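*Asks:* The structure under discussion is supplied below as C-alpha cells; questions concerning it will follow.
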Amino acid sequence: MPTLSPAARLASAVGLALTACLTASPAPAAAAGAGAAAEDGAGLDRYYGQRLGWGTCAEGPADAAGRDLDKAGVQCADVTVPLDYAAPRGRTITVAVSRLKATDTRHRIGSILLNNGGPGGPSVPSPPVVRTAMKEVGARYDIVGFDPRFVGRSTPLDCGWTVGTSWFSAGASRTAFDRQVALQKGLADKCRAADPSVLPHISTRNTARDMDVIRGALGERKISYLGYSYGTYLGTVYTQMFPGRYDRMVLDGAIAPDDFGPRLLKGSERENEKALADWAAWAAERHDTYGLGRTRAEVLATVGRVVAAAAREPLTVGIGADTFRIDDSQVPVLLFSAIGDDRDPTRAFLGEQMSVLDKAARGAAPTSLSPDFAATLRYLLHGDAQPSGVQAAVICGDVAAPRHPEVYWRDIERSRTAHPLFGPLTHNIGPCAFWDRPREEPTQVRRDAPVLIVAATGDPRTTYRGSAELRRMLPSSRMVTLEGANRHALFGRYGNDCVDDRVNAYLASGELPSKDQTCVKRP
C-alpha cells in the first residue's frame, strides 16, 4: 500500500480523533420524518434508478491522481443524491465514485464499497490498493470507492480554515485554553459563513443514505463493505438503517457506537501513553541517531521538557519560508499523529521531529527542515490550502457537544494529574461547542449484524475496548484480534499475514469464523 505523505498522515491521524458527548440531542419533529422517508425509499426512485456515466477519472491534464486511476483500469462517475432526504425533489449534490471491475467474472461475488475513515477521508483513489490487499479474492469483486458528501471529488465544502485541523491540546494554562476557545469558535463561525445551507445535512446518517443510493445505482441487491476507523461507525449505522441490504462487512479499528461524537478521545489516554512509551523505548535504542536519551525514561523526560519549553514560549523551527513557531497546544498533536503506527518509518519520522524540537527547546539556532516535516507543519499550522471543515461538520452534525467552555476546562484540570500530556488534548474544546444542534438523534444499535471486526490490542485511536464493545453489541459478529501492536487500521495496511488471510477468507466465502480469532504481531 502506498505510504501517505506526512501531511496526509497527520490529517488521517487527527481525523480519527473523534469524541463522544454522552448526551444525545433531541431531534426536531421535522427531522424525524426525514429518516423514515429516506429509509423506506419514499420519493427516491429517480436516485436509486439513475444510470451512472462511467468514464475517465482524470479531471484535467493536471490531475495526476486521476491519470493513475485511469492507468490502473479504474472508472469514475458521479452519483446524484438529494441534499436533504426529507425533500428529495429539492436541491441535489453529487457523490464521486470509482470502480475497479471484477476480472474473475465467472465467480463474481458483487460490489464492495470502501470508506477510509476520517470522517472526511476520500476513498475514490483506493480501489487499486484494496484489490492488492484482497489478493485472489479481489478479482471477484467490483471494488468501489466513494468520496462522502462534500469530500474530495464530490460536491465540495471548504470552510476556509487557516489551520489543518481542529484537534489541539488545551495547553498548560487558562490563558492557553482561552485561546483555544476563541480558535474553535472562529472555526465554527467560518463553516457557518461558508455555506450554512448545507451544514444541517452533513451527517453519518445522510452518508449512509448516500451509500444505499450508490448500492441501488450499481444495480446491487446487497452490497459488501470495508470500513476503517470512522468507517466502522458508518458501516454500523448502515446495518441499522438498511438491514438486509448488506452482504459481507469488515469493520477495521472499530468505534463503539455510543462513544461516537465530539469527545470520542476521552478515555484513550492510557492507550496513547502506552504507545508513546513504546516509541520512547525504540528511540532510546537509537540515541546516536536522535539524541533524545538512552533509556525510555530519558526519552519521555525529553518529551516533557519540549512540551514545557513550548508552553513558556513557542519554539521556532525551520528557516526562510519554512519557519514555524510551535506551542504546547501543537506539540502533543505531533506526538498523537505519529504513535498510531508502530512501524519503523513512522517511528523514525517522530524521532526526527522530536530531535528538531528538542534542539529548539535547548536554544539551538534553527536549521532547515526536511521536506516531510515542513509539509506536516504547513498542514497543521496553516492548512496548506486544502479544503477544511468537513470532518467537524460530520461530527458536529451527528452528536451535540457541551456548549459551555467551563465544562471542558473542569475536565481538563481533572485530567492533568493522571494524564498531563494527553489529558488536555483528549478533553479540549472543539468547534462542536459552537455548532447548531444536530437535525437527527444519533443512531441506536438495536439490530444484530453478522460483521467481521478487526482490532489491535494497542490501538491508540479507536481503542480495543471500543471494538470489544461493538462485538458485544452485535452477538452474531466475530472479531479478529492482533495482539501486541500499537496500530490503527490493519487489513492490507499493516502487513500481518494472519489478519489479512482471515479477512480475505471471510470475503471469499461469506462465512464468519465459528469463534473469535487471535493473531500475533510479528517481531
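Each chain in the C-alpha cells gets a letter, A, B and so on, in the order shown; residues start at 1 in every chain, and ligands are counted from 1 in the order they appear.
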Taking 5 positions as the minimum chain separation for residues in the same chain, which residues sit within 9 Å of Thr289 (chain A) when counting only C-alpha atoms? Answer as a list in words.
*Replies:*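 Counting only C-alpha atoms, the residues come to Ala283, Gly351 and Glu352 of chain A.
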*Asks:* Determine, counting only C-alpha atoms, which protein, DNA and RNA residues have an atom within 10 Å of an atom of Pro125 (chain A); residues of the same chain fewer than 6 positions away are not included. Present the result as a ChimeraX atom specification.
*Replies:* /A:57,65-66,68-69,74,76,97-99,144-147
*Asks:* As a list of chain:residue names, please: the residues near Gly219 (chain A) (cut-off 9 Å, only C-alpha atoms, same-chain neighbours under 4 positions excluded).
*Replies:*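 Skipping anything fewer than 4 positions along the chain leaves A:Tyr48, A:Gly49, A:Ile214, A:Arg215.
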*Asks:* Restricted to N, CA and C atoms, what would the selected residues look like written as a JSON list (two decimals), in the first residue's frame?
*Replies:*
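Written file, out08.json:
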```
[["chain", "number", "residue", "atom", "x", "y", "z"],
["A", 48, "TYR", "N", -32.27, 6.05, -6.95],
["A", 48, "TYR", "CA", -31.88, 4.64, -6.96],
["A", 48, "TYR", "C", -31.79, 4.08, -8.37],
["A", 49, "GLY", "N", -32.59, 4.62, -9.27],
["A", 49, "GLY", "CA", -32.63, 4.08, -10.63],
["A", 49, "GLY", "C", -31.75, 4.80, -11.62],
["A", 214, "ILE", "N", -26.02, 4.60, -3.75],
["A", 214, "ILE", "CA", -24.93, 4.04, -4.55],
["A", 214, "ILE", "C", -25.20, 2.56, -4.82],
["A", 215, "ARG", "N", -25.59, 1.83, -3.79],
["A", 215, "ARG", "CA", -25.94, 0.41, -3.98],
["A", 215, "ARG", "C", -26.98, 0.25, -5.07]]
```
*Asks:* Applying 10 Å and only C-alpha atoms, which residues near region 189-201 of chain A remain after dropping the ones on its own chain fewer than 4 positions away? List them as a PyMOL selection string.
*Replies:* chain A and resi 82-85+149-150+157-161+183-185+205-207+388-390+392-394+396-398+431+434-440
*Asks:* Just the selected residues (N, CA, C and O atoms), exported as a tab-separated table (two decimals), in the first residue's frame, please.
*Replies:*
```tsv
chain	number	residue	atom	x	y	z
A	82	PRO	N	-29.98	13.57	-3.06
A	82	PRO	CA	-30.60	14.80	-2.53
A	82	PRO	C	-29.77	15.38	-1.40
A	82	PRO	O	-29.22	14.64	-0.58
A	83	LEU	N	-29.67	16.69	-1.37
A	83	LEU	CA	-29.03	17.32	-0.22
A	83	LEU	C	-29.79	16.97	1.05
A	83	LEU	O	-29.21	16.59	2.06
A	84	ASP	N	-31.11	17.06	0.99
A	84	ASP	CA	-31.99	16.81	2.13
A	84	ASP	C	-32.91	15.65	1.76
A	84	ASP	O	-33.76	15.77	0.89
A	85	TYR	N	-32.73	14.52	2.42
A	85	TYR	CA	-33.55	13.35	2.10
A	85	TYR	C	-35.01	13.55	2.48
A	85	TYR	O	-35.87	12.78	2.03
A	149	ARG	N	-20.24	12.79	0.88
A	149	ARG	CA	-20.76	14.12	0.55
A	149	ARG	C	-19.84	15.21	1.10
A	149	ARG	O	-19.44	15.19	2.25
A	150	PHE	N	-19.48	16.13	0.20
A	150	PHE	CA	-18.66	17.32	0.48
A	150	PHE	C	-17.19	17.00	0.69
A	150	PHE	O	-16.42	17.85	1.16
A	157	LEU	N	-17.19	21.27	0.08
A	157	LEU	CA	-17.35	22.27	1.13
A	157	LEU	C	-15.96	22.66	1.59
A	157	LEU	O	-15.12	21.80	1.85
A	158	ASP	N	-15.68	23.95	1.67
A	158	ASP	CA	-14.41	24.43	2.21
A	158	ASP	C	-14.71	25.57	3.16
A	158	ASP	O	-15.19	26.63	2.76
A	159	CYS	N	-14.45	25.33	4.44
A	159	CYS	CA	-14.72	26.35	5.45
A	159	CYS	C	-13.65	27.45	5.48
A	159	CYS	O	-13.82	28.43	6.20
A	160	GLY	N	-12.58	27.27	4.73
A	160	GLY	CA	-11.55	28.30	4.67
A	160	GLY	C	-10.75	28.45	5.95
A	160	GLY	O	-10.28	29.55	6.26
A	161	TRP	N	-10.56	27.34	6.67
A	161	TRP	CA	-9.74	27.42	7.88
A	161	TRP	C	-8.29	27.73	7.54
A	161	TRP	O	-7.80	27.34	6.47
A	183	LEU	N	-10.21	30.16	19.16
A	183	LEU	CA	-9.90	29.49	17.90
A	183	LEU	C	-11.06	28.61	17.46
A	183	LEU	O	-11.51	28.67	16.30
A	184	GLN	N	-11.57	27.77	18.36
A	184	GLN	CA	-12.61	26.82	17.99
A	184	GLN	C	-13.91	27.54	17.62
A	184	GLN	O	-14.61	27.12	16.68
A	185	LYS	N	-14.25	28.61	18.31
A	185	LYS	CA	-15.42	29.39	17.93
A	185	LYS	C	-15.23	29.99	16.54
A	185	LYS	O	-16.15	30.00	15.72
A	205	ARG	N	-25.69	9.69	9.15
A	205	ARG	CA	-26.93	9.08	8.67
A	205	ARG	C	-27.18	9.44	7.21
A	205	ARG	O	-27.62	8.59	6.41
A	206	ASN	N	-26.89	10.66	6.81
A	206	ASN	CA	-27.07	11.02	5.41
A	206	ASN	C	-26.02	10.35	4.52
A	206	ASN	O	-26.31	10.00	3.37
A	207	THR	N	-24.81	10.17	5.04
A	207	THR	CA	-23.81	9.42	4.26
A	207	THR	C	-24.25	7.98	4.08
A	207	THR	O	-24.06	7.38	3.00
A	388	SER	N	-11.22	22.44	4.08
A	388	SER	CA	-11.27	22.19	5.52
A	388	SER	C	-12.70	22.22	6.02
A	388	SER	O	-13.59	22.80	5.40
A	389	GLY	N	-12.91	21.57	7.15
A	389	GLY	CA	-14.15	21.70	7.89
A	389	GLY	C	-15.12	20.54	7.78
A	389	GLY	O	-16.04	20.44	8.59
A	390	VAL	N	-14.95	19.64	6.80
A	390	VAL	CA	-15.94	18.58	6.62
A	390	VAL	C	-15.93	17.63	7.81
A	390	VAL	O	-16.99	17.19	8.28
A	392	ALA	N	-15.27	18.21	10.94
A	392	ALA	CA	-16.03	18.82	12.03
A	392	ALA	C	-17.51	18.83	11.72
A	392	ALA	O	-18.35	18.59	12.61
A	393	ALA	N	-17.87	19.09	10.47
A	393	ALA	CA	-19.29	19.16	10.11
A	393	ALA	C	-19.98	17.83	10.34
A	393	ALA	O	-21.12	17.79	10.82
A	394	VAL	N	-19.31	16.71	10.03
A	394	VAL	CA	-19.92	15.40	10.24
A	394	VAL	C	-20.07	15.12	11.74
A	394	VAL	O	-21.14	14.73	12.22
A	396	CYS	N	-20.03	17.18	14.32
A	396	CYS	CA	-20.96	18.09	14.98
A	396	CYS	C	-22.39	17.87	14.51
A	396	CYS	O	-23.34	18.17	15.24
A	397	GLY	N	-22.55	17.36	13.29
A	397	GLY	CA	-23.87	17.09	12.76
A	397	GLY	C	-24.48	15.80	13.26
A	397	GLY	O	-25.65	15.51	13.01
A	398	ASP	N	-23.68	14.99	13.96
A	398	ASP	CA	-24.16	13.71	14.48
A	398	ASP	C	-24.60	13.77	15.94
A	398	ASP	O	-25.63	13.22	16.31
A	431	PRO	N	-14.89	22.78	17.84
A	431	PRO	CA	-15.90	23.62	17.17
A	431	PRO	C	-17.33	23.19	17.43
A	431	PRO	O	-18.25	24.00	17.31
A	434	PHE	N	-19.81	25.16	19.45
A	434	PHE	CA	-20.39	26.38	18.88
A	434	PHE	C	-21.23	26.09	17.63
A	434	PHE	O	-21.52	26.99	16.86
A	435	TRP	N	-21.59	24.83	17.45
A	435	TRP	CA	-22.32	24.39	16.26
A	435	TRP	C	-23.83	24.37	16.55
A	435	TRP	O	-24.24	24.24	17.69
A	436	ASP	N	-24.62	24.48	15.50
A	436	ASP	CA	-26.05	24.29	15.66
A	436	ASP	C	-26.33	22.83	16.02
A	436	ASP	O	-25.59	21.92	15.64
A	437	ARG	N	-27.40	22.60	16.73
A	437	ARG	CA	-27.69	21.25	17.21
A	437	ARG	C	-28.05	20.33	16.03
A	437	ARG	O	-28.60	20.76	15.03
A	438	PRO	N	-27.72	19.05	16.15
A	438	PRO	CA	-27.99	18.11	15.05
A	438	PRO	C	-29.48	18.02	14.72
A	438	PRO	O	-30.34	18.22	15.57
A	439	ARG	N	-29.74	17.68	13.45
A	439	ARG	CA	-31.13	17.55	12.99
A	439	ARG	C	-31.76	16.22	13.41
A	439	ARG	O	-32.98	16.13	13.48
A	440	GLU	N	-30.95	15.21	13.63
A	440	GLU	CA	-31.47	13.89	13.98
A	440	GLU	C	-30.77	13.37	15.23
A	440	GLU	O	-29.66	13.78	15.55
```
*Asks:* Using Å and a single decimal, report how far CA of Ala256 (chain A) sits from CA of Arg471 (chain A).
*Replies:* 8.8 Å
*Asks:* Among the residues of region 362-474 of chain A, find those DSSP assigns to strand (DSSP E or B) from the backbone and print them as a PDB file with N, CA and C atoms, in the first residue's frame.
*Replies:*
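Full text of states-v2.pdb as output:
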```
ATOM      1  N   LEU A 452     -17.568  -8.714  10.470  1.00  0.00           N
ATOM      2  CA  LEU A 452     -16.244  -9.098  10.953  1.00  0.00           C
ATOM      3  C   LEU A 452     -15.532  -7.853  11.458  1.00  0.00           C
ATOM      4  N   ILE A 453     -15.183  -7.851  12.733  1.00  0.00           N
ATOM      5  CA  ILE A 453     -14.490  -6.729  13.371  1.00  0.00           C
ATOM      6  C   ILE A 453     -13.014  -7.073  13.468  1.00  0.00           C
ATOM      7  N   VAL A 454     -12.150  -6.109  13.142  1.00  0.00           N
ATOM      8  CA  VAL A 454     -10.702  -6.292  13.191  1.00  0.00           C
ATOM      9  C   VAL A 454     -10.130  -5.252  14.135  1.00  0.00           C
ATOM     10  N   ALA A 455      -9.243  -5.669  15.061  1.00  0.00           N
ATOM     11  CA  ALA A 455      -8.749  -4.721  16.060  1.00  0.00           C
ATOM     12  C   ALA A 455      -7.375  -5.134  16.566  1.00  0.00           C
ATOM     13  N   ALA A 456      -6.552  -4.135  16.881  1.00  0.00           N
ATOM     14  CA  ALA A 456      -5.259  -4.340  17.539  1.00  0.00           C
ATOM     15  C   ALA A 456      -5.396  -3.992  19.015  1.00  0.00           C
TER      16      ALA A 456
END
```
*Asks:* For CA of Asp78 (chain A) and CA of Gly53 (chain A), quote the distance in Å rounded to one decimal.
*Replies:* 7.4 Å
*Asks:* For Leu357 (chain A), work out the shell of residues within 8 Å, counting only C-alpha atoms and skipping chain neighbours fewer than 2 positions away, then give it as a ChimeraX atom specification.
*Replies:* /A:306,315,317,353-355,359-361
*Asks:* Nearest residue to Phe491 (chain A) out of A:Gly152, A:Gly227, A:Gly121, A:Gly216, using only C-alpha atoms?
*Replies:*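 Closest to Phe491 (chain A), using only C-alpha atoms: A:Gly227.
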*Asks:* Could you check the closest approach to Ile255 (chain A) for each of A:Thr204, A:Phe168, A:Leu234, A:Glu511 and tell me which residue wins, using only C-alpha atoms?
*Replies:*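 Among the listed residues, A:Leu234 lies closest to Ile255 (chain A).
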*Asks:* Would you mind listing what lies within 10 Å of Asp344 (chain A) as a list in words, with only C-alpha atoms counted and same-chain residues fewer than 6 positions away left out?
*Replies:* Trp279, Trp282 and Leu350 of chain A
*Asks:* Find the residue from A:Ala338, A:Leu226, A:Met134, A:Ile395 that sits nearest to Pro460 (chain A); use only C-alpha atoms when measuring.
*Replies:*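 Nearest candidate to Pro460 (chain A) out of A:Ala338, A:Leu226, A:Met134, A:Ile395: A:Ala338.
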*Asks:* Looking only at alpha helix (DSSP H) from DSSP on the backbone, list the matching residues of region 128-330 of chain A as a ChimeraX atom specification.
*Replies:* /A:128-133,174-194,204-217,230-241,269-284,287-290,296-312
*Asks:* Out of A:Glu413, A:Glu285, A:Asp104, A:Asp252, which residue has the shortest atom-to-atom distance to Ser173 (chain A) when counting only C-alpha atoms?
*Replies:* A:Glu413
*Asks:* From the options A:Arg263, A:Arg472, A:Arg245, A:Arg140, which residue's atoms come nearest to Asp448 (chain A), counting only C-alpha atoms?
*Replies:*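 The closest residue to Asp448 (chain A) is A:Arg472.
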*Asks:* For Val480 (chain A), which residue among A:Leu335, A:Ala310, A:Leu276, A:Val250 is the nearest when counting only C-alpha atoms?
*Replies:*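 Checking each of A:Leu335, A:Ala310, A:Leu276, A:Val250 against Val480 (chain A), counting only C-alpha atoms, the winner is A:Val250.
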*Asks:* Please tabulate, as a tab-separated table, the residues of region 236-320 of chain A that come within 12 Å of region 372-381 of chain A, each with its closest pair of atoms and the distance in Å to one decimal, counting only C-alpha atoms and ordering rows by chain, then residue number upward.
*Replies:*
```
residue	atom	partner	partner_atom	distance
A:Thr316	CA	A:Leu377	CA	11.8
A:Val317	CA	A:Ala374	CA	9.5
A:Gly318	CA	A:Ala374	CA	7.8
A:Ile319	CA	A:Ala374	CA	10.1
A:Gly320	CA	A:Ala374	CA	11.3
```
